[in-house]
Amino acid sequence: MTIVLQQLVLGVLIGGLYGLAAAGLSLIFGVMKVLNVAHGELIMLGGYGAFWLFALSGLDPFAALVVVIPVALVGGAILYWGLFGWVVRYHEETRIKNSLLIGFGLGLALHAAAVQLWTADERSITTAYAGSVLDVGGVSLPVVRLASLVIAFVLIGGLHLLLNHWRWGRAIRATADDWEAALMTGIDVRRAYLIAFAIGTALAGAAGTLVSVGYSISPSIGLEWTLKALIVVVLAGLGSMLGTFAGGLILGVAEACSAMVFGGPYREVVGLVIFLVVLVARPQGLFAK
Amino acid sequence: MRPASAAAGLVIVAALAAVPLVVRREDILNFLFLVLLSIALAQSWNVIAGYAGQVNLGHAAFFGLGALVTRVLWIAGTPVVIGMVAGALVAVVFALLIGWAAFRLRGAYFAIGTLALSEIFRITVGNTLAEISTLPQTTIATYRLANRYWLALALAVLAIAAVAALARSRLGLGMQAIREDEDAAGATGVDALRLKLIALVCSTALAGLVGGCFAYYHISFYPSHLFSPGWTFDAVLMTFIGGVGTLHGPVLGAIFYVFFKEYLAIRWVDFHLLIFGALFVGIVLLLPGGLVEAMGKLRGLLESAAFTPDRRRPRPEHR
Amino acid sequence: MLHVDNVEASYGPFLALSGATLEVRVGEIVALLGPNGAGKTTLIRCIAGLLRPRAGGIRWDGASLASVAAHRIVERGIAVVPEGRRLFATMTVEEHLDLGAFAPHAHAGRVQRLEEVYTIFPVLRERRGQLVRALSGGQQQMVAIGRALMAAPRLLILDEPSLGLAPRIVESILGVLGEINRRGVSILLVEQNVQAALVLAHRGYILESGRIVGEGTGAALMDDPHVKRAYLGPLALRH
């Protein structure tokens with residue numbers, strides 16, 4: 001019994017990161033109808049950022065968030081100005097199509113660059129407290145992963161508050177709901193797009209940092225995490241950040257169950273199958289507004 | 001097709017067919033094989049994405065299914081052509097399943113659905129068929145590269161002919177209408193779902209055949225590699241660089257890509273992906289017509305330089 | 001204040017406006033009438049900056065609006081209540097009104113203006129925390145008008161505010177418009193309810209097939225035989 005509980009708990013712990021990864025993607029897609037399939041590569045870059053900060057200066061990865069998040073914010077702004085900002089000229093369908101293609105090329109380029117720079121080896125940050133484990137009723141909770149879950153929740157909660165109480169947060173939501181009405185209300189929709197894209201990228205960077213310390217990173221995790229994020233976004237639906245977080249937890253638990261029933265190697269498959277099932281049965285997602 | 005281009009095409013095909021009879025060097029034959037197979041693969045993606053406007057990010061799934069089924073049947077004793085047809089059929093079946101589910105919805109569902117499908121296959125095949133697949137000694141002893149070459153040539157010709165026929169047909173025009181504006185096309189009575197599915201069937205059948213040819217050619221490989229996203233990347237890059245939605249684009253793109261890739265692979269392994277990825281993004285944003293468009297513009301420049309600047313095209317009024 | 005001069009506008013190859021000219025002077029209520037598809041909404045979109053005219057000009061306060069970005073139009077003093085209300089599906093009443101004051105110039109007096117809006121539409125005060133999806137059509141229209149009012153406009157443009165609403169609600173909303181006008185806001189009213197619009201308006205224009213075919217004071221238009229036949233009589237053009 002404890003083994004099952006243990007697996008489920010581990011599933012929840014990583015599920016929080018899935019939720020965080022998905023939140024950034026969901027925000028960007030919800031607001032500007034741009035699907036950045038290189039989102040996973042941005043997560044990967046965030047992970048490498050934290051890794052090198054740690055390797056070169058000993059900066060604790062959780063502390064590194066303070067550096068990674070602002071850098072990723074700026075990075076996201078640059079990506080918007082340089083790349084994705086250009087597709088918003090088009091109407092929605094072409095926008096989605098072109099953003100898929102651009103994201104595809106970007107992901108390819110980033111992955112190849114990462115392999116060139118850092119080799120294809122897996123890396124992980126091992127801090128002094130890496131092995132610490134909290135024992136709760138026979139179930140062991142790795143402290144690092146627990147902290148990551150908490151931080152992921154805090155970040156998403158923060159995003160939720162931002163979207164509801166910050167002037168530009170509401171402007172972003174308005175843009176997501178009806179961009180022409182937003183324009184008529186005096187909202188600079190392009191700036192809303194920029195802000196949403198920057199925040200989404202910042203969340204990706206944060207997720208990457210948390211992945212590098214609790215798990216491991218390599219150039220190939222890009223596609224994997226893009227798919228996880230996509231699965232959660234489709235599962236949870238657009239519009240609710242907290243719903244997206246819940247969707248991430250659900251995916252984590254589903255993976256844990258699948259690994260227990262079908263065996264470890266099939267852990268990844270269940271998420272993809274869930275995706276296809278949701279596609280057929282309820283494409284708008286579980287928690288869509 | 002104009003008689004001049006048809007004749008030129010026949011000459012080129014005949015010349016290519018004669019190559020194995022004249023050239024003995026395996027590396028040249030291998031290189032040409034790769035180019036021909038790539039042309040076919042690129043054209044297959046071109047059908048669904050370039051003409052019907054549906055971005056398929058999991059093309060590897062259909063290539064892989066064709067390859068896997070062909071390989072399994074062929075090693076078990078089935079004639080390879082039958083194996084290839086079976087492979088293409090299996091690919092089409094899965095394509096219809098995902099197409100039916102995703103085409104009802106708009107947006108990115110088809111793209112991501114196909115991506116999910118190809119990853120599901122890659123992981124599942126990687127788990128269930130983890131061992132390398134190698135041709136038995138008897139087969140290796142009687143291996144003739146020329147046969148593979150001619151098969152690839154036939155596939156390339158088939159692919160180009162299919163796209164050429166499609167582009168001119170009513171089906172093809174309907175598909176292009178959907179690509180431009182699905183709502184508008186629907187309003188004029190075009191059955192979008194049916195056309196998208198037809199395009200998908202053509203596209204994945206071709207991809208399946210290409211996969212089958214690959215299975216016939218390669219002596220050994222890991223089955224999961226057949227579903228590697230790299231195949232999708234290759235198809236997408238080649239088509240776009242050459243000119244998506246055109247007949248010649250994938251051909252140009254394939255030649256350019258294979259040549260460049262083989263040249264770069266001598267020095268750096270993954271570097272070509274970085275360059276191509278960046279080039280691809282540039283093309284999507286700045287020159288969506290790819291090499292075909294670039295060549296057209298170059299030709300236009302040369303032509304206008306030859307004539308006196310007398311012709312002025314009327315410019316539209318709006319800002 | 002607002003001068004629309006011979007504006008032509010098209011959606012792709014389709015010419016929606018082939019020369020519309022109208023004027024809204026300070027303190028007026030101007031009605032813009034005409035059948036469905038005449039180009040009324042197109043004209044509003046041009047003024048709002050969502051569609052660039054291919055010919056002609058729009059001047060506000062003497063300055064051309066041609067190069068003004070859509071989100072800046074509000075800053076200049078023009079607020080639009082779009083056709084079909086175009087509310088934000090995931091937001092509450094109060095969030096809408098708060099957003100209405102998004103533009104920099106409107107930010108300052110927003111608390112006070114919110115009070116004014118709640119005074120004009122008391123039912124919104126009761127339902128301030130509710131999602132707009134849960135409101136009736138008439139209440140949603142009030143939210144849309146309130147959102148526009150929060151921008152402290154000098155010109156309020158409304159596109160078919162009575163669409164889909166019961167006559168009693170329409171009456172009360174048009175009454176409110178009269179009240180708003182008395183407080184100093186000029187109004188450009190696109191309406192299908194010609195009778196009510198002409199009673200309220202000082203002047204009106206008739207737009208048919210992309211061009212202005214008639215103009216005059218409210219009373220004069222009501223007596224006009226063409227208007228009577230096409231829009232007011234038993235055989236009036238059905239919308």
# chains A, B, ... in the order shown; residues from 1 in each chain; ligands from 1

$ residues_around --residues "Leu16 of chain B" --least-positions-apart "6" --cutoff "10 Å" --atoms "only C-alpha atoms" --output "list in words"
Leu10, Leu32, Leu36, Tyr149, Trp150 and Leu153 of chain B

$ write_last_selection --atoms "C-alpha atoms" --output "PDB file, in the first residue's frame"
ATOM      1  CA  LEU B  10      11.145  12.157 -69.212  1.00  0.00           C
ATOM      2  CA  LEU B  32      21.200   9.833 -55.131  1.00  0.00           C
ATOM      3  CA  LEU B  36      15.171  10.604 -54.441  1.00  0.00           C
ATOM      4  CA  TYR B 149      17.733   3.020 -56.228  1.00  0.00           C
ATOM      5  CA  TRP B 150      15.186   2.309 -58.949  1.00  0.00           C
ATOM      6  CA  LEU B 153      13.300   6.770 -58.343  1.00  0.00           C
TER       7      LEU B 153
END

$ residues_around --residues "segment 81-85 of chain B" --least-positions-apart "2" --cutoff "10 Å" --atoms "only C-alpha atoms" --output "VMD selection string"
chain B and resid 66 to 79 87 to 91 151 205 to 206 208 to 216

$ interface_residues --of "chain C" --to "chain B" --cutoff "12 Å" --atoms "only C-alpha atoms" --output "ChimeraX atom specification"
/C:8-13,51-56,66-67

$ write_last_selection --atoms "C-alpha atoms" --output "PDB file, in the first residue's frame"
ATOM      1  CA  GLU C   8     -14.887  54.538 -48.642  1.00  0.00           C
ATOM      2  CA  ALA C   9     -14.115  51.230 -47.035  1.00  0.00           C
ATOM      3  CA  SER C  10     -13.911  47.660 -48.207  1.00  0.00           C
ATOM      4  CA  TYR C  11     -13.483  44.159 -46.885  1.00  0.00           C
ATOM      5  CA  GLY C  12     -11.190  42.635 -49.454  1.00  0.00           C
ATOM      6  CA  PRO C  13     -12.913  43.044 -52.806  1.00  0.00           C
ATOM      7  CA  LEU C  51     -10.771  49.297 -40.257  1.00  0.00           C
ATOM      8  CA  ARG C  52      -8.741  51.713 -42.367  1.00  0.00           C
ATOM      9  CA  PRO C  53     -10.802  53.519 -44.996  1.00  0.00           C
ATOM     10  CA  ARG C  54      -9.412  53.283 -48.468  1.00  0.00           C
ATOM     11  CA  ALA C  55     -10.547  56.786 -49.291  1.00  0.00           C
ATOM     12  CA  GLY C  56     -11.948  59.785 -47.510  1.00  0.00           C
ATOM     13  CA  ALA C  66      -6.266  58.257 -40.006  1.00  0.00           C
ATOM     14  CA  SER C  67      -3.011  57.395 -38.327  1.00  0.00           C
TER      15      SER C  67
END

$ closest_residue --among "A:Gly40, A:Gly46, A:Gly285, A:Gly82" --to "Gly239 of chain A" --atoms "only C-alpha atoms"
A:Gly285

$ residues_around --residues "segment 201-215 of chain C" --least-positions-apart "4" --cutoff "8 Å" --atoms "only C-alpha atoms" --output "list in words"
Leu15, Ala16, Leu17, Ser18, Gly19, Ala20, Thr21, Leu22, Glu28, Ile29, Val30, Ala31, Leu32, Leu33, Gly34, Pro35, Gly37, Ala38, Gly39, Lys40, Ala197 and Leu221 of chain C

$ select_by_dssp --residues "segment 21-183 of chain A" --states "alpha helix (DSSP H)" --output "MDAnalysis selection string"
chainID A and resid 21:32 39:57 61:82 92:118 143:165 167:177 179:183

$ atom_distance --atom1 "atom CA of Gly113 of chain B" --atom2 "atom CA of Ala229 of chain A"
13.6 Å

$ interface_residues --of "chain C" --to "chain A" --cutoff "8 Å" --atoms "only C-alpha atoms" --output "PDB file with N, CA and C atoms, in the first residue's frame"
ATOM      1  N   ALA C  48     -13.708  53.777 -35.169  1.00  0.00           N
ATOM      2  CA  ALA C  48     -13.038  53.165 -34.015  1.00  0.00           C
ATOM      3  C   ALA C  48     -11.607  52.766 -34.318  1.00  0.00           C
ATOM      4  N   LEU C  50     -10.658  50.295 -36.264  1.00  0.00           N
ATOM      5  CA  LEU C  50     -10.484  48.861 -36.513  1.00  0.00           C
ATOM      6  C   LEU C  50     -10.372  48.550 -37.989  1.00  0.00           C
ATOM      7  N   ALA C  70      -6.008  52.095 -32.963  1.00  0.00           N
ATOM      8  CA  ALA C  70      -7.352  51.848 -32.443  1.00  0.00           C
ATOM      9  C   ALA C  70      -7.459  52.067 -30.939  1.00  0.00           C
ATOM     10  N   HIS C  71      -6.456  51.626 -30.197  1.00  0.00           N
ATOM     11  CA  HIS C  71      -6.576  51.757 -28.742  1.00  0.00           C
ATOM     12  C   HIS C  71      -6.354  53.192 -28.276  1.00  0.00           C
ATOM     13  N   ARG C  72      -5.911  54.061 -29.178  1.00  0.00           N
ATOM     14  CA  ARG C  72      -5.710  55.449 -28.784  1.00  0.00           C
ATOM     15  C   ARG C  72      -6.952  56.302 -29.039  1.00  0.00           C
ATOM     16  N   ILE C  73      -7.880  55.764 -29.783  1.00  0.00           N
ATOM     17  CA  ILE C  73      -9.083  56.528 -30.102  1.00  0.00           C
ATOM     18  C   ILE C  73      -9.812  56.890 -28.813  1.00  0.00           C
ATOM     19  N   VAL C  74      -9.816  55.967 -27.882  1.00  0.00           N
ATOM     20  CA  VAL C  74     -10.485  56.206 -26.613  1.00  0.00           C
ATOM     21  C   VAL C  74      -9.871  57.401 -25.887  1.00  0.00           C
ATOM     22  N   GLU C  75      -8.551  57.500 -25.967  1.00  0.00           N
ATOM     23  CA  GLU C  75      -7.880  58.609 -25.289  1.00  0.00           C
ATOM     24  C   GLU C  75      -8.312  59.962 -25.825  1.00  0.00           C
ATOM     25  N   ALA C  79     -15.757  56.920 -27.292  1.00  0.00           N
ATOM     26  CA  ALA C  79     -15.913  55.570 -26.764  1.00  0.00           C
ATOM     27  C   ALA C  79     -16.992  54.850 -27.557  1.00  0.00           C
ATOM     28  N   VAL C  80     -16.749  53.570 -27.850  1.00  0.00           N
ATOM     29  CA  VAL C  80     -17.667  52.814 -28.690  1.00  0.00           C
ATOM     30  C   VAL C  80     -18.327  51.692 -27.887  1.00  0.00           C
ATOM     31  N   PRO C  82     -19.911  48.476 -28.911  1.00  0.00           N
ATOM     32  CA  PRO C  82     -19.994  47.760 -30.185  1.00  0.00           C
ATOM     33  C   PRO C  82     -21.287  46.964 -30.350  1.00  0.00           C
ATOM     34  N   ARG C  86     -20.136  42.753 -27.155  1.00  0.00           N
ATOM     35  CA  ARG C  86     -18.723  42.357 -27.077  1.00  0.00           C
ATOM     36  C   ARG C  86     -18.180  42.499 -25.666  1.00  0.00           C
ATOM     37  N   LEU C  87     -18.827  41.814 -24.728  1.00  0.00           N
ATOM     38  CA  LEU C  87     -18.319  41.834 -23.360  1.00  0.00           C
ATOM     39  C   LEU C  87     -17.245  40.766 -23.197  1.00  0.00           C
ATOM     40  N   PHE C  88     -16.536  40.844 -22.079  1.00  0.00           N
ATOM     41  CA  PHE C  88     -15.471  39.886 -21.815  1.00  0.00           C
ATOM     42  C   PHE C  88     -16.047  38.725 -21.021  1.00  0.00           C
ATOM     43  N   ALA C  89     -16.066  37.567 -21.655  1.00  0.00           N
ATOM     44  CA  ALA C  89     -16.815  36.429 -21.114  1.00  0.00           C
ATOM     45  C   ALA C  89     -16.388  35.978 -19.728  1.00  0.00           C
ATOM     46  N   THR C  90     -15.134  36.158 -19.374  1.00  0.00           N
ATOM     47  CA  THR C  90     -14.691  35.624 -18.085  1.00  0.00           C
ATOM     48  C   THR C  90     -14.664  36.675 -16.984  1.00  0.00           C
ATOM     49  N   GLU C  95     -15.353  44.320 -12.998  1.00  0.00           N
ATOM     50  CA  GLU C  95     -14.098  44.262 -13.753  1.00  0.00           C
ATOM     51  C   GLU C  95     -14.254  44.974 -15.090  1.00  0.00           C
ATOM     52  N   LEU C  99     -12.133  48.166 -16.200  1.00  0.00           N
ATOM     53  CA  LEU C  99     -11.363  48.156 -17.443  1.00  0.00           C
ATOM     54  C   LEU C  99     -11.740  49.315 -18.344  1.00  0.00           C
ATOM     55  N   GLY C 100     -13.004  49.717 -18.242  1.00  0.00           N
ATOM     56  CA  GLY C 100     -13.444  50.831 -19.079  1.00  0.00           C
ATOM     57  C   GLY C 100     -12.585  52.059 -18.869  1.00  0.00           C
ATOM     58  N   ALA C 101     -12.052  52.186 -17.653  1.00  0.00           N
ATOM     59  CA  ALA C 101     -11.212  53.344 -17.336  1.00  0.00           C
ATOM     60  C   ALA C 101      -9.744  53.027 -17.545  1.00  0.00           C
ATOM     61  N   PHE C 102      -9.446  52.086 -18.438  1.00  0.00           N
ATOM     62  CA  PHE C 102      -8.065  51.658 -18.625  1.00  0.00           C
ATOM     63  C   PHE C 102      -7.179  52.772 -19.179  1.00  0.00           C
ATOM     64  N   ALA C 103      -7.727  53.523 -20.122  1.00  0.00           N
ATOM     65  CA  ALA C 103      -6.911  54.556 -20.776  1.00  0.00           C
ATOM     66  C   ALA C 103      -6.373  55.545 -19.748  1.00  0.00           C
ATOM     67  N   ARG C 147     -19.223  50.473 -19.452  1.00  0.00           N
ATOM     68  CA  ARG C 147     -17.805  50.328 -19.750  1.00  0.00           C
ATOM     69  C   ARG C 147     -17.322  51.494 -20.607  1.00  0.00           C
ATOM     70  N   ALA C 148     -18.137  51.870 -21.584  1.00  0.00           N
ATOM     71  CA  ALA C 148     -17.742  52.981 -22.452  1.00  0.00           C
ATOM     72  C   ALA C 148     -17.755  54.301 -21.687  1.00  0.00           C
ATOM     73  N   ALA C 151     -14.744  55.632 -19.685  1.00  0.00           N
ATOM     74  CA  ALA C 151     -13.605  56.263 -20.371  1.00  0.00           C
ATOM     75  C   ALA C 151     -13.794  57.770 -20.489  1.00  0.00           C
TER      76      ALA C 151
END

$ closest_atom_pairs --of "chain A" --to "chain B" --cutoff "6 Å" --atoms "only C-alpha atoms" --output "Markdown table"
| residue | atom | partner | partner_atom | distance |
| --- | --- | --- | --- | --- |
| A:Ile102 | CA | B:Val281 | CA | 5.3 |
| A:Gly105 | CA | B:Gly277 | CA | 4.5 |
| A:Leu108 | CA | B:Gly277 | CA | 5.5 |
| A:Ala109 | CA | B:Leu274 | CA | 4.1 |
| A:Ala112 | CA | B:Leu274 | CA | 5.1 |
| A:Val269 | CA | B:Ile120 | CA | 5.6 |
| A:Leu272 | CA | B:Ala116 | CA | 5.6 |
| A:Val280 | CA | B:Ala101 | CA | 5.7 |

$ write_last_selection --atoms "N, CA and C atoms" --output "PDB file, in the first residue's frame"
ATOM      1  N   ILE A 102       6.862  28.197 -36.779  1.00  0.00           N
ATOM      2  CA  ILE A 102       7.982  28.957 -36.217  1.00  0.00           C
ATOM      3  C   ILE A 102       8.482  28.286 -34.945  1.00  0.00           C
ATOM      4  N   GLY A 105      10.606  25.320 -35.898  1.00  0.00           N
ATOM      5  CA  GLY A 105      11.954  25.673 -36.314  1.00  0.00           C
ATOM      6  C   GLY A 105      12.798  26.169 -35.164  1.00  0.00           C
ATOM      7  N   LEU A 108      13.851  23.286 -32.998  1.00  0.00           N
ATOM      8  CA  LEU A 108      14.907  22.551 -33.690  1.00  0.00           C
ATOM      9  C   LEU A 108      16.255  23.240 -33.500  1.00  0.00           C
ATOM     10  N   ALA A 109      16.251  24.554 -33.736  1.00  0.00           N
ATOM     11  CA  ALA A 109      17.487  25.327 -33.639  1.00  0.00           C
ATOM     12  C   ALA A 109      18.009  25.339 -32.216  1.00  0.00           C
ATOM     13  N   ALA A 112      19.440  21.908 -31.284  1.00  0.00           N
ATOM     14  CA  ALA A 112      20.746  21.687 -31.910  1.00  0.00           C
ATOM     15  C   ALA A 112      21.815  22.539 -31.252  1.00  0.00           C
ATOM     16  N   VAL A 269       3.623   7.205 -22.295  1.00  0.00           N
ATOM     17  CA  VAL A 269       2.578   6.971 -23.298  1.00  0.00           C
ATOM     18  C   VAL A 269       1.199   7.382 -22.795  1.00  0.00           C
ATOM     19  N   LEU A 272       0.068  10.868 -23.571  1.00  0.00           N
ATOM     20  CA  LEU A 272      -0.253  11.078 -24.973  1.00  0.00           C
ATOM     21  C   LEU A 272      -1.598  10.458 -25.310  1.00  0.00           C
ATOM     22  N   VAL A 280     -10.903  13.638 -28.626  1.00  0.00           N
ATOM     23  CA  VAL A 280     -12.104  13.078 -29.223  1.00  0.00           C
ATOM     24  C   VAL A 280     -13.330  13.376 -28.382  1.00  0.00           C
TER      25      VAL A 280
END

$ select_by_dssp --residues "segment 110-238 of chain A" --states "strand (DSSP E or B)" --output "list in words"
Arg123, Val133, Leu134, Asp135, Val136, Val139, Ser140, Leu141, Pro142 and Ile217 of chain A

$ residues_around --residues "segment 152-166 of chain C" --least-positions-apart "4" --cutoff "8 Å" --atoms "only C-alpha atoms" --output "PDB file with C-alpha atoms, in the first residue's frame"
ATOM      1  CA  THR C  41     -21.191  48.926 -38.577  1.00  0.00           C
ATOM      2  CA  ILE C  44     -18.368  52.631 -36.901  1.00  0.00           C
ATOM      3  CA  VAL C  74     -10.485  56.206 -26.613  1.00  0.00           C
ATOM      4  CA  GLY C  77     -12.568  61.160 -26.208  1.00  0.00           C
ATOM      5  CA  ILE C  78     -14.495  58.708 -28.354  1.00  0.00           C
ATOM      6  CA  ALA C  79     -15.913  55.570 -26.764  1.00  0.00           C
ATOM      7  CA  VAL C  80     -17.667  52.814 -28.690  1.00  0.00           C
ATOM      8  CA  VAL C  81     -20.355  50.429 -27.512  1.00  0.00           C
ATOM      9  CA  PRO C  82     -19.994  47.760 -30.185  1.00  0.00           C
ATOM     10  CA  GLU C  83     -22.713  45.791 -31.891  1.00  0.00           C
ATOM     11  CA  GLY C  84     -23.574  42.696 -29.886  1.00  0.00           C
ATOM     12  CA  ARG C  85     -22.021  44.272 -26.818  1.00  0.00           C
ATOM     13  CA  ALA C 101     -11.212  53.344 -17.336  1.00  0.00           C
ATOM     14  CA  ALA C 106      -9.625  57.983 -17.607  1.00  0.00           C
ATOM     15  CA  ARG C 113     -17.107  57.874 -12.457  1.00  0.00           C
ATOM     16  CA  GLY C 137     -29.504  40.975 -22.352  1.00  0.00           C
ATOM     17  CA  GLY C 138     -30.620  44.339 -21.100  1.00  0.00           C
ATOM     18  CA  GLN C 141     -26.161  46.222 -22.594  1.00  0.00           C
ATOM     19  CA  ALA C 148     -17.742  52.981 -22.452  1.00  0.00           C
ATOM     20  CA  VAL C 170     -35.109  49.509 -25.060  1.00  0.00           C
ATOM     21  CA  GLY C 184     -22.799  66.794 -21.908  1.00  0.00           C
ATOM     22  CA  VAL C 185     -21.901  63.733 -23.922  1.00  0.00           C
ATOM     23  CA  SER C 186     -22.595  63.782 -27.648  1.00  0.00           C
ATOM     24  CA  ILE C 187     -24.035  60.603 -29.049  1.00  0.00           C
ATOM     25  CA  LEU C 188     -23.892  58.809 -32.396  1.00  0.00           C
ATOM     26  CA  LEU C 189     -26.551  56.166 -32.366  1.00  0.00           C
ATOM     27  CA  VAL C 190     -26.784  53.401 -34.916  1.00  0.00           C
ATOM     28  CA  GLU C 191     -30.217  51.924 -34.508  1.00  0.00           C
ATOM     29  CA  GLN C 192     -32.636  49.575 -36.186  1.00  0.00           C
ATOM     30  CA  ASN C 193     -35.472  50.875 -34.050  1.00  0.00           C
TER      31      ASN C 193
END

$ atom_distance --atom1 "atom CA of Ala206 of chain A" --atom2 "atom CA of Ile43 of chain A"
7.5 Å

$ residues_around --residues "Leu223 of chain A" --least-positions-apart "5" --cutoff "9 Å" --atoms "only C-alpha atoms" --output "list of chain:residue names"
A:Val37, A:Ala38, A:His39, A:Gly40, A:Glu41, A:Gly107, A:Lys228

$ write_last_selection --atoms "N, CA and C atoms" --output "PDB file, in the first residue's frame"
ATOM      1  N   VAL A  37       5.448  25.720 -29.924  1.00  0.00           N
ATOM      2  CA  VAL A  37       5.841  24.337 -29.653  1.00  0.00           C
ATOM      3  C   VAL A  37       7.305  24.226 -29.269  1.00  0.00           C
ATOM      4  N   ALA A  38       7.984  25.355 -29.136  1.00  0.00           N
ATOM      5  CA  ALA A  38       9.343  25.337 -28.608  1.00  0.00           C
ATOM      6  C   ALA A  38       9.334  25.662 -27.124  1.00  0.00           C
ATOM      7  N   HIS A  39       8.165  25.667 -26.520  1.00  0.00           N
ATOM      8  CA  HIS A  39       8.035  25.990 -25.102  1.00  0.00           C
ATOM      9  C   HIS A  39       8.906  25.057 -24.268  1.00  0.00           C
ATOM     10  N   GLY A  40       8.940  23.791 -24.648  1.00  0.00           N
ATOM     11  CA  GLY A  40       9.765  22.822 -23.937  1.00  0.00           C
ATOM     12  C   GLY A  40      11.240  23.173 -24.015  1.00  0.00           C
ATOM     13  N   GLU A  41      11.660  23.687 -25.180  1.00  0.00           N
ATOM     14  CA  GLU A  41      13.066  24.082 -25.321  1.00  0.00           C
ATOM     15  C   GLU A  41      13.378  25.285 -24.428  1.00  0.00           C
ATOM     16  N   GLY A 107      12.417  25.425 -31.989  1.00  0.00           N
ATOM     17  CA  GLY A 107      12.746  24.289 -31.130  1.00  0.00           C
ATOM     18  C   GLY A 107      13.901  23.487 -31.699  1.00  0.00           C
ATOM     19  N   LYS A 228       4.195  17.458 -22.671  1.00  0.00           N
ATOM     20  CA  LYS A 228       3.536  17.456 -21.357  1.00  0.00           C
ATOM     21  C   LYS A 228       2.675  18.698 -21.208  1.00  0.00           C
TER      22      LYS A 228
END

$ residues_around --residues "Trp231 of chain B" --least-positions-apart "6" --cutoff "9 Å" --atoms "only C-alpha atoms" --output "list in words"
Leu41, Gly58, His59, Ala60, Ala61, Phe63 and Gly64 of chain B

$ write_last_selection --atoms "C-alpha atoms" --output "CSV table (one decimal), in the first residue's frame"
chain,number,residue,atom,x,y,z
B,41,LEU,CA,9.0,12.2,-48.5
B,58,GLY,CA,3.9,13.8,-36.7
B,59,HIS,CA,4.7,12.7,-40.2
B,60,ALA,CA,7.2,10.3,-38.8
B,61,ALA,CA,4.3,8.2,-37.6
B,63,PHE,CA,6.7,6.9,-42.4
B,64,GLY,CA,7.5,4.6,-39.5
